[in-house]
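A.B. asks: Structure file final_25.txt, compact mmCIF, N, CA and C atoms, is pasted below:
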# COMPACT_ATOMS: atom_id res chain seq x y z
N GLY A 128 87.66 51.88 77.70
CA GLY A 128 88.55 53.02 77.74
C GLY A 128 87.85 54.30 78.01
N GLY A 129 88.23 55.26 77.23
CA GLY A 129 87.65 56.59 77.38
C GLY A 129 88.29 57.41 78.49
N GLY A 130 89.28 56.81 79.19
CA GLY A 130 89.92 57.54 80.28
C GLY A 130 90.84 58.62 79.73
N LYS A 131 90.92 59.70 80.45
CA LYS A 131 91.78 60.79 80.02
C LYS A 131 93.16 60.63 80.64
N ILE A 132 94.19 61.02 79.88
CA ILE A 132 95.55 60.97 80.37
C ILE A 132 95.97 62.39 80.73
N LEU A 133 96.42 62.56 81.95
CA LEU A 133 96.85 63.88 82.41
C LEU A 133 98.37 63.97 82.30
N VAL A 134 98.84 64.92 81.55
CA VAL A 134 100.27 65.12 81.39
C VAL A 134 100.67 66.37 82.16
N THR A 135 101.64 66.20 83.03
CA THR A 135 102.10 67.32 83.84
C THR A 135 103.55 67.61 83.51
N SER A 136 103.83 68.86 83.20
CA SER A 136 105.20 69.27 82.91
C SER A 136 105.74 70.03 84.11
N VAL A 137 106.91 69.64 84.58
CA VAL A 137 107.53 70.30 85.72
C VAL A 137 108.92 70.78 85.31
N GLU A 138 109.15 72.07 85.49
CA GLU A 138 110.48 72.61 85.21
C GLU A 138 111.33 72.53 86.47
N ASN A 139 112.62 72.45 86.27
CA ASN A 139 113.53 72.30 87.40
C ASN A 139 113.48 73.47 88.38
N ASN A 140 113.17 74.67 87.87
CA ASN A 140 113.24 75.84 88.73
C ASN A 140 111.88 76.22 89.31
N SER A 141 110.85 75.40 89.09
CA SER A 141 109.53 75.76 89.59
C SER A 141 109.16 74.88 90.78
N GLU A 142 108.39 75.45 91.69
CA GLU A 142 107.96 74.72 92.87
C GLU A 142 106.59 74.13 92.63
N PRO A 143 106.37 72.89 93.06
CA PRO A 143 105.01 72.37 93.03
C PRO A 143 104.13 73.27 93.90
N VAL A 144 102.93 73.53 93.44
CA VAL A 144 102.04 74.44 94.17
C VAL A 144 101.72 73.87 95.56
N SER A 145 101.81 72.57 95.71
CA SER A 145 101.41 71.95 96.97
C SER A 145 102.50 71.99 98.03
N SER A 146 103.65 72.59 97.70
CA SER A 146 104.78 72.49 98.62
C SER A 146 104.72 73.52 99.73
N PHE A 147 105.21 73.12 100.89
CA PHE A 147 105.39 74.02 102.02
C PHE A 147 106.76 73.70 102.59
N ARG A 148 107.60 74.74 102.75
CA ARG A 148 108.95 74.46 103.22
C ARG A 148 109.51 75.69 103.94
N LEU A 149 110.16 75.42 105.04
CA LEU A 149 110.93 76.44 105.74
C LEU A 149 112.38 76.01 105.67
N GLU A 150 113.21 76.82 105.02
CA GLU A 150 114.60 76.43 104.82
C GLU A 150 115.47 76.90 105.98
N GLN A 151 116.63 76.26 106.10
CA GLN A 151 117.59 76.69 107.10
C GLN A 151 118.10 78.08 106.73
N ASN A 152 118.15 78.96 107.73
CA ASN A 152 118.65 80.31 107.45
C ASN A 152 120.10 80.24 106.96
N TYR A 153 120.49 81.25 106.18
CA TYR A 153 121.84 81.29 105.64
C TYR A 153 122.34 82.73 105.71
N PRO A 154 123.53 83.00 106.16
CA PRO A 154 124.43 82.00 106.77
C PRO A 154 123.99 81.61 108.18
N ASN A 155 124.48 80.51 108.65
CA ASN A 155 124.18 80.03 110.00
C ASN A 155 125.39 79.27 110.51
N PRO A 156 126.04 79.69 111.58
CA PRO A 156 125.76 80.85 112.42
C PRO A 156 125.90 82.17 111.65
N PHE A 157 125.26 83.22 112.17
CA PHE A 157 125.28 84.50 111.47
C PHE A 157 125.75 85.63 112.38
N ILE A 158 126.36 86.64 111.75
CA ILE A 158 126.91 87.81 112.45
C ILE A 158 126.65 89.05 111.61
N PRO A 159 125.72 89.94 111.89
CA PRO A 159 124.52 89.70 112.67
C PRO A 159 123.31 89.52 111.76
N LYS A 160 123.55 89.40 110.41
CA LYS A 160 122.43 89.33 109.47
C LYS A 160 122.32 87.95 108.84
N THR A 161 121.08 87.56 108.58
CA THR A 161 120.83 86.27 107.95
C THR A 161 119.55 86.36 107.12
N VAL A 162 119.37 85.38 106.22
CA VAL A 162 118.19 85.33 105.36
C VAL A 162 117.45 84.03 105.62
N ILE A 163 116.13 84.14 105.74
CA ILE A 163 115.26 82.98 105.92
C ILE A 163 114.40 82.86 104.68
N ARG A 164 114.49 81.71 104.02
CA ARG A 164 113.68 81.46 102.82
C ARG A 164 112.59 80.45 103.14
N TYR A 165 111.44 80.66 102.53
CA TYR A 165 110.32 79.75 102.79
C TYR A 165 109.42 79.69 101.57
N THR A 166 108.68 78.61 101.46
CA THR A 166 107.74 78.39 100.37
C THR A 166 106.39 78.01 100.96
N ILE A 167 105.35 78.67 100.50
CA ILE A 167 103.99 78.31 100.94
C ILE A 167 103.16 77.93 99.72
N PRO A 168 102.23 77.00 99.89
CA PRO A 168 101.50 76.46 98.74
C PRO A 168 100.41 77.37 98.22
N GLU A 169 99.90 78.29 99.04
CA GLU A 169 98.78 79.10 98.60
C GLU A 169 98.76 80.41 99.38
N ARG A 170 98.02 81.38 98.85
CA ARG A 170 97.87 82.68 99.50
C ARG A 170 97.24 82.48 100.87
N ASN A 171 97.91 83.02 101.91
CA ASN A 171 97.40 82.82 103.25
C ASN A 171 98.05 83.81 104.21
N GLN A 172 97.39 84.04 105.33
CA GLN A 172 98.00 84.79 106.43
C GLN A 172 99.23 84.02 106.88
N THR A 173 100.37 84.69 106.91
CA THR A 173 101.64 84.02 107.19
C THR A 173 102.42 84.82 108.21
N SER A 174 102.99 84.11 109.19
CA SER A 174 103.83 84.80 110.18
C SER A 174 105.12 84.03 110.36
N ILE A 175 106.20 84.78 110.59
CA ILE A 175 107.46 84.19 111.02
C ILE A 175 107.88 84.93 112.28
N LYS A 176 108.05 84.16 113.35
CA LYS A 176 108.41 84.74 114.63
C LYS A 176 109.70 84.11 115.15
N ILE A 177 110.45 84.90 115.90
CA ILE A 177 111.72 84.46 116.47
C ILE A 177 111.52 84.24 117.97
N TYR A 178 112.05 83.14 118.46
CA TYR A 178 111.94 82.79 119.88
C TYR A 178 113.33 82.57 120.45
N ASP A 179 113.49 82.87 121.74
CA ASP A 179 114.76 82.54 122.39
C ASP A 179 114.76 81.08 122.80
N ILE A 180 115.85 80.64 123.40
CA ILE A 180 116.02 79.21 123.69
C ILE A 180 115.03 78.74 124.76
N LEU A 181 114.44 79.68 125.50
CA LEU A 181 113.43 79.33 126.50
C LEU A 181 112.02 79.33 125.92
N GLY A 182 111.93 79.63 124.62
CA GLY A 182 110.63 79.59 123.97
C GLY A 182 109.85 80.89 124.07
N ARG A 183 110.50 81.95 124.52
CA ARG A 183 109.83 83.24 124.60
C ARG A 183 109.89 83.94 123.24
N GLU A 184 108.75 84.45 122.80
CA GLU A 184 108.71 85.18 121.54
C GLU A 184 109.42 86.52 121.71
N ILE A 185 110.38 86.79 120.83
CA ILE A 185 111.13 88.03 120.97
C ILE A 185 111.01 88.96 119.76
N LEU A 186 110.52 88.43 118.64
CA LEU A 186 110.49 89.25 117.43
C LEU A 186 109.52 88.64 116.43
N THR A 187 108.76 89.50 115.75
CA THR A 187 107.93 89.06 114.64
C THR A 187 108.53 89.63 113.36
N LEU A 188 108.99 88.74 112.48
CA LEU A 188 109.60 89.19 111.22
C LEU A 188 108.53 89.58 110.21
N ILE A 189 107.54 88.74 110.04
CA ILE A 189 106.42 89.06 109.16
C ILE A 189 105.14 88.56 109.81
N ASN A 190 104.04 89.25 109.50
CA ASN A 190 102.71 88.82 109.92
C ASN A 190 101.72 89.48 108.97
N GLU A 191 101.54 88.85 107.82
CA GLU A 191 100.73 89.44 106.76
C GLU A 191 100.31 88.37 105.78
N VAL A 192 99.39 88.73 104.89
CA VAL A 192 98.97 87.80 103.85
C VAL A 192 100.04 87.73 102.78
N LYS A 193 100.47 86.51 102.46
CA LYS A 193 101.48 86.29 101.43
C LYS A 193 100.91 85.39 100.35
N ASN A 194 101.31 85.65 99.10
CA ASN A 194 100.90 84.79 97.99
C ASN A 194 101.66 83.47 98.03
N GLY A 195 101.09 82.44 97.45
CA GLY A 195 101.77 81.16 97.34
C GLY A 195 103.04 81.32 96.52
N GLY A 196 104.05 80.51 96.88
CA GLY A 196 105.32 80.57 96.16
C GLY A 196 106.47 80.71 97.12
N SER A 197 107.63 81.05 96.58
CA SER A 197 108.85 81.16 97.37
C SER A 197 109.08 82.61 97.79
N HIS A 198 109.49 82.78 99.03
CA HIS A 198 109.73 84.11 99.59
C HIS A 198 111.00 84.07 100.43
N SER A 199 111.51 85.25 100.78
CA SER A 199 112.62 85.32 101.72
C SER A 199 112.44 86.56 102.59
N VAL A 200 112.99 86.49 103.80
CA VAL A 200 112.92 87.62 104.72
C VAL A 200 114.27 87.75 105.40
N ASN A 201 114.70 88.98 105.61
CA ASN A 201 115.99 89.23 106.24
C ASN A 201 115.83 89.46 107.74
N LEU A 202 116.77 88.95 108.50
CA LEU A 202 116.81 89.20 109.94
C LEU A 202 118.12 89.89 110.28
N ASN A 203 118.02 91.02 110.96
CA ASN A 203 119.20 91.70 111.47
C ASN A 203 119.20 91.53 112.98
N GLY A 204 120.16 90.74 113.48
CA GLY A 204 120.23 90.44 114.90
C GLY A 204 121.11 91.39 115.68
N ILE A 205 121.28 92.60 115.17
CA ILE A 205 122.19 93.55 115.80
C ILE A 205 121.79 93.85 117.24
N ASN A 206 120.49 93.80 117.54
CA ASN A 206 120.02 94.10 118.89
C ASN A 206 119.79 92.85 119.74
N LEU A 207 120.15 91.70 119.21
CA LEU A 207 119.96 90.45 119.94
C LEU A 207 121.27 89.99 120.56
N ALA A 208 121.16 89.26 121.65
CA ALA A 208 122.35 88.68 122.28
C ALA A 208 122.79 87.45 121.50
N SER A 209 124.08 87.12 121.59
CA SER A 209 124.58 85.90 120.98
C SER A 209 123.87 84.71 121.60
N GLY A 210 123.68 83.67 120.79
CA GLY A 210 123.07 82.47 121.33
C GLY A 210 122.22 81.76 120.30
N ILE A 211 121.45 80.79 120.79
CA ILE A 211 120.60 79.96 119.94
C ILE A 211 119.19 80.51 119.95
N TYR A 212 118.61 80.59 118.78
CA TYR A 212 117.23 81.05 118.61
C TYR A 212 116.47 80.06 117.76
N PHE A 213 115.16 80.14 117.83
CA PHE A 213 114.30 79.34 116.97
C PHE A 213 113.44 80.29 116.14
N TYR A 214 113.17 79.90 114.90
CA TYR A 214 112.23 80.66 114.10
C TYR A 214 111.12 79.74 113.63
N ARG A 215 109.89 80.25 113.72
CA ARG A 215 108.70 79.45 113.44
C ARG A 215 107.86 80.17 112.39
N ILE A 216 107.46 79.41 111.38
CA ILE A 216 106.53 79.93 110.38
C ILE A 216 105.17 79.29 110.59
N GLU A 217 104.14 80.09 110.43
CA GLU A 217 102.77 79.58 110.39
C GLU A 217 102.10 80.19 109.17
N SER A 218 101.48 79.33 108.37
CA SER A 218 100.76 79.80 107.19
C SER A 218 99.58 78.87 106.98
N GLY A 219 98.38 79.37 107.29
CA GLY A 219 97.21 78.50 107.20
C GLY A 219 97.35 77.33 108.15
N LYS A 220 97.20 76.12 107.64
CA LYS A 220 97.28 74.92 108.48
C LYS A 220 98.72 74.43 108.64
N TYR A 221 99.67 75.11 108.02
CA TYR A 221 101.06 74.66 108.03
C TYR A 221 101.87 75.39 109.09
N SER A 222 102.83 74.69 109.67
CA SER A 222 103.79 75.36 110.55
C SER A 222 105.08 74.55 110.56
N SER A 223 106.18 75.23 110.86
CA SER A 223 107.48 74.58 110.91
C SER A 223 108.41 75.42 111.76
N VAL A 224 109.38 74.76 112.38
CA VAL A 224 110.33 75.44 113.26
C VAL A 224 111.74 75.00 112.90
N ARG A 225 112.67 75.94 112.92
CA ARG A 225 114.09 75.62 112.76
C ARG A 225 114.89 76.40 113.79
N LYS A 226 116.13 75.95 113.95
CA LYS A 226 117.04 76.55 114.93
C LYS A 226 118.11 77.35 114.21
N MET A 227 118.56 78.44 114.83
CA MET A 227 119.66 79.22 114.27
C MET A 227 120.53 79.74 115.39
N THR A 228 121.76 80.09 115.03
CA THR A 228 122.75 80.54 116.02
C THR A 228 123.28 81.91 115.64
N LEU A 229 123.17 82.85 116.57
CA LEU A 229 123.72 84.18 116.40
C LEU A 229 125.04 84.28 117.15
N MET A 230 126.09 84.71 116.45
CA MET A 230 127.39 84.92 117.07
C MET A 230 127.78 86.38 116.89
N LYS A 231 128.47 86.93 117.88
CA LYS A 231 128.92 88.32 117.76
C LYS A 231 130.39 88.41 118.11
Please render this file's structure as structure tokens.

C.D. replies:
Amino acid sequence: GGGKILVTSVENNSEPVSSFRLEQNYPNPFIPKTVIRYTIPERNQTSIKIYDILGREILTLINEVKNGGSHSVNLNGINLASGIYFYRIESGKYSSVRKMTLMK
């Protein structure tokens, strides 16, 4: 024997530190404001950029060092045309892309 037992307590409202997630924006479709929520596992340089349907970068929502945990950022599409857009997060070695629809 002599082995140690590791007990881990997890609360329902807490995120595992190892998690990385980019959530679907809400509301979607949106007119003209929406919220993008994301979770990163550790403090890192983090960017969220918006692309049009042709893959052209049209907007940078954030590009800064963020602490690990859950965050949200607001997008106001008042100056954007109606249509389908993609948003991409990059944080350290992690990246993810989702699609959203702007209606006016």

A.B. asks: Residues within 6 Å of A:Asp179, please, as a list in words. Count only N, CA and C atoms; anything in the same chain fewer than 6 positions from it doesn't count.

C.D. replies: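 The neighbour list is Ile185, Ile211, Tyr212 and Phe213 of chain A.
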
A.B. asks: Nearest to A:Met227 among A:Gly210, A:Ile205, A:Arg170, A:Leu186, with distances taken over only N, CA and C atoms: which residue is it?

C.D. replies: A:Gly210

A.B. asks: How far is it from atom CA of A:Ile180 to atom CA of A:Ser199, in Å with one decimal?

C.D. replies: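 A separation of 23.1 Å between them.
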
A.B. asks: Using all atoms listed in the file, which of A:Lys226, A:Tyr221, A:Lys176, A:Ser209 sits nearest A:Phe147?

C.D. replies: A:Tyr221

A.B. asks: At a cut-off of 6 Å, using only N, CA and C atoms, what residues contact A:Thr166? Leave out same-chain residues fewer than 3 positions from it and give the result as a list in words.

C.D. replies: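 Residues near the query, excluding close chain neighbours: Ser146, Phe147, Arg148, Leu149, Gly196, Ser197 and His198 of chain A.
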
A.B. asks: Using only N, CA and C atoms, can you tell me which of A:Glu217, A:Leu207, A:Val192, A:Lys160 comes closest to A:Ile175?

C.D. replies: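 Of the candidates, the smallest distance to A:Ile175 is held by A:Glu217.
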
A.B. asks: What does the distance from atom CA of A:Glu169 to atom CA of A:Arg183 come to in Å, to one decimal?

C.D. replies: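 So the answer is 28.6 Å.
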
A.B. asks: At what distance in Å, to one decimal, does atom N of A:Glu191 lie from atom CA of A:Leu229?

C.D. replies: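 Between atom CA of A:Leu229 and atom N of A:Glu191 the gap is 24.2 Å.
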
A.B. asks: Could you find all residues in chain A that DSSP calls strand (DSSP E or B) from the backbone, and write them as a PyMOL selection string?

C.D. replies: chain A and resi 148-149+153+157+160-167+171-179+184-193+196-203+210-218+221-229

A.B. asks: Between A:Asn152, A:Asn206, A:Thr173, A:Asn194, single out the one closest to A:Gly219, counting only C-alpha atoms.

C.D. replies: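 Of all the options, A:Thr173 lies closest to A:Gly219.
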
A.B. asks: Taking only N, CA and C atoms into account, name the residue in A:Ile216, A:Pro154, A:Ile167, A:Thr161 that is nearest to A:Gly204.

C.D. replies: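 For A:Gly204, the nearest of the candidates is A:Thr161.
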
A.B. asks: Calculated over only C-alpha atoms, which of the candidates A:Phe157, A:Gly182, A:Ser174, A:Val200 has the smallest distance to A:Ser222?

C.D. replies: A:Ser174

A.B. asks: Can you sort out the box for stretch 147-165 of chain A, edges along x, y and z, all listed atoms in, 8 Å on every side, with centre and edge lengths in Å to one decimal, as JSON?

C.D. replies:
{"center_x": 116.1, "center_y": 81.5, "center_z": 106.8, "size_x": 37.7, "size_y": 32.8, "size_z": 27.8}

A.B. asks: Could you add whatever atoms are missing so that stretch 176-187 of chain A carries all heavy atoms, then write the result as an mmCIF file, in the frame of the given file?

C.D. replies:
data_model
loop_
_atom_site.group_PDB
_atom_site.id
_atom_site.type_symbol
_atom_site.label_atom_id
_atom_site.label_comp_id
_atom_site.auth_asym_id
_atom_site.auth_seq_id
_atom_site.Cartn_x
_atom_site.Cartn_y
_atom_site.Cartn_z
ATOM 1 N N LYS A 176 108.050 84.160 113.350
ATOM 2 C CA LYS A 176 108.410 84.740 114.630
ATOM 3 C C LYS A 176 109.700 84.110 115.150
ATOM 4 O O LYS A 176 109.988 82.943 114.865
ATOM 5 C CB LYS A 176 107.276 84.548 115.645
ATOM 6 C CG LYS A 176 106.008 85.292 115.216
ATOM 7 C CD LYS A 176 104.878 85.132 116.198
ATOM 8 C CE LYS A 176 103.661 85.937 115.731
ATOM 9 N NZ LYS A 176 102.532 85.822 116.667
ATOM 10 N N ILE A 177 110.450 84.900 115.900
ATOM 11 C CA ILE A 177 111.720 84.460 116.470
ATOM 12 C C ILE A 177 111.520 84.240 117.970
ATOM 13 O O ILE A 177 110.896 85.073 118.645
ATOM 14 C CB ILE A 177 112.827 85.522 116.252
ATOM 15 C CG1 ILE A 177 112.900 85.938 114.776
ATOM 16 C CG2 ILE A 177 114.179 85.003 116.757
ATOM 17 C CD1 ILE A 177 113.292 84.857 113.826
ATOM 18 N N TYR A 178 112.050 83.140 118.460
ATOM 19 C CA TYR A 178 111.940 82.790 119.880
ATOM 20 C C TYR A 178 113.330 82.570 120.450
ATOM 21 O O TYR A 178 114.231 82.091 119.750
ATOM 22 C CB TYR A 178 111.116 81.509 120.069
ATOM 23 C CG TYR A 178 109.699 81.627 119.548
ATOM 24 C CD1 TYR A 178 109.416 81.385 118.215
ATOM 25 C CD2 TYR A 178 108.655 81.966 120.403
ATOM 26 C CE1 TYR A 178 108.117 81.494 117.733
ATOM 27 C CE2 TYR A 178 107.357 82.069 119.930
ATOM 28 C CZ TYR A 178 107.091 81.834 118.593
ATOM 29 O OH TYR A 178 105.813 81.943 118.118
ATOM 30 N N ASP A 179 113.490 82.870 121.740
ATOM 31 C CA ASP A 179 114.760 82.540 122.390
ATOM 32 C C ASP A 179 114.760 81.080 122.800
ATOM 33 O O ASP A 179 113.789 80.350 122.588
ATOM 34 C CB ASP A 179 115.045 83.497 123.560
ATOM 35 C CG ASP A 179 114.077 83.333 124.726
ATOM 36 O OD1 ASP A 179 113.354 82.318 124.800
ATOM 37 O OD2 ASP A 179 114.049 84.250 125.575
ATOM 38 N N ILE A 180 115.850 80.640 123.400
ATOM 39 C CA ILE A 180 116.020 79.210 123.690
ATOM 40 C C ILE A 180 115.030 78.740 124.760
ATOM 41 O O ILE A 180 114.767 77.547 124.889
ATOM 42 C CB ILE A 180 117.477 78.906 124.079
ATOM 43 C CG1 ILE A 180 117.747 77.412 123.972
ATOM 44 C CG2 ILE A 180 117.786 79.462 125.465
ATOM 45 C CD1 ILE A 180 119.197 77.068 123.853
ATOM 46 N N LEU A 181 114.440 79.680 125.500
ATOM 47 C CA LEU A 181 113.430 79.330 126.500
ATOM 48 C C LEU A 181 112.020 79.330 125.920
ATOM 49 O O LEU A 181 111.048 79.074 126.627
ATOM 50 C CB LEU A 181 113.492 80.299 127.684
ATOM 51 C CG LEU A 181 114.825 80.324 128.432
ATOM 52 C CD1 LEU A 181 114.794 81.366 129.538
ATOM 53 C CD2 LEU A 181 115.146 78.953 129.007
ATOM 54 N N GLY A 182 111.930 79.630 124.620
ATOM 55 C CA GLY A 182 110.630 79.590 123.970
ATOM 56 C C GLY A 182 109.850 80.890 124.070
ATOM 57 O O GLY A 182 108.673 80.941 123.706
ATOM 58 N N ARG A 183 110.500 81.950 124.520
ATOM 59 C CA ARG A 183 109.830 83.240 124.600
ATOM 60 C C ARG A 183 109.890 83.940 123.240
ATOM 61 O O ARG A 183 110.955 84.030 122.641
ATOM 62 C CB ARG A 183 110.492 84.128 125.656
ATOM 63 C CG ARG A 183 110.328 83.594 127.072
ATOM 64 C CD ARG A 183 111.071 84.457 128.060
ATOM 65 N NE ARG A 183 112.514 84.473 127.781
ATOM 66 C CZ ARG A 183 113.444 84.704 128.707
ATOM 67 N NH1 ARG A 183 113.100 84.943 129.957
ATOM 68 N NH2 ARG A 183 114.722 84.698 128.387
ATOM 69 N N GLU A 184 108.750 84.450 122.800
ATOM 70 C CA GLU A 184 108.710 85.180 121.540
ATOM 71 C C GLU A 184 109.420 86.520 121.710
ATOM 72 O O GLU A 184 109.116 87.268 122.625
ATOM 73 C CB GLU A 184 107.256 85.401 121.124
ATOM 74 C CG GLU A 184 107.098 86.127 119.811
ATOM 75 C CD GLU A 184 105.644 86.375 119.447
ATOM 76 O OE1 GLU A 184 104.808 85.493 119.715
ATOM 77 O OE2 GLU A 184 105.360 87.455 118.909
ATOM 78 N N ILE A 185 110.380 86.790 120.830
ATOM 79 C CA ILE A 185 111.130 88.030 120.970
ATOM 80 C C ILE A 185 111.010 88.960 119.760
ATOM 81 O O ILE A 185 111.330 90.129 119.861
ATOM 82 C CB ILE A 185 112.633 87.752 121.240
ATOM 83 C CG1 ILE A 185 113.234 86.881 120.146
ATOM 84 C CG2 ILE A 185 112.817 87.109 122.603
ATOM 85 C CD1 ILE A 185 114.730 86.769 120.248
ATOM 86 N N LEU A 186 110.520 88.430 118.640
ATOM 87 C CA LEU A 186 110.490 89.250 117.430
ATOM 88 C C LEU A 186 109.520 88.640 116.430
ATOM 89 O O LEU A 186 109.443 87.425 116.297
ATOM 90 C CB LEU A 186 111.899 89.287 116.824
ATOM 91 C CG LEU A 186 112.222 90.310 115.748
ATOM 92 C CD1 LEU A 186 112.085 91.723 116.281
ATOM 93 C CD2 LEU A 186 113.628 90.095 115.226
ATOM 94 N N THR A 187 108.760 89.500 115.750
ATOM 95 C CA THR A 187 107.930 89.060 114.640
ATOM 96 C C THR A 187 108.530 89.630 113.360
ATOM 97 O O THR A 187 108.611 90.852 113.202
ATOM 98 C CB THR A 187 106.477 89.555 114.794
ATOM 99 O OG1 THR A 187 105.916 88.973 115.977
ATOM 100 C CG2 THR A 187 105.632 89.128 113.599
#
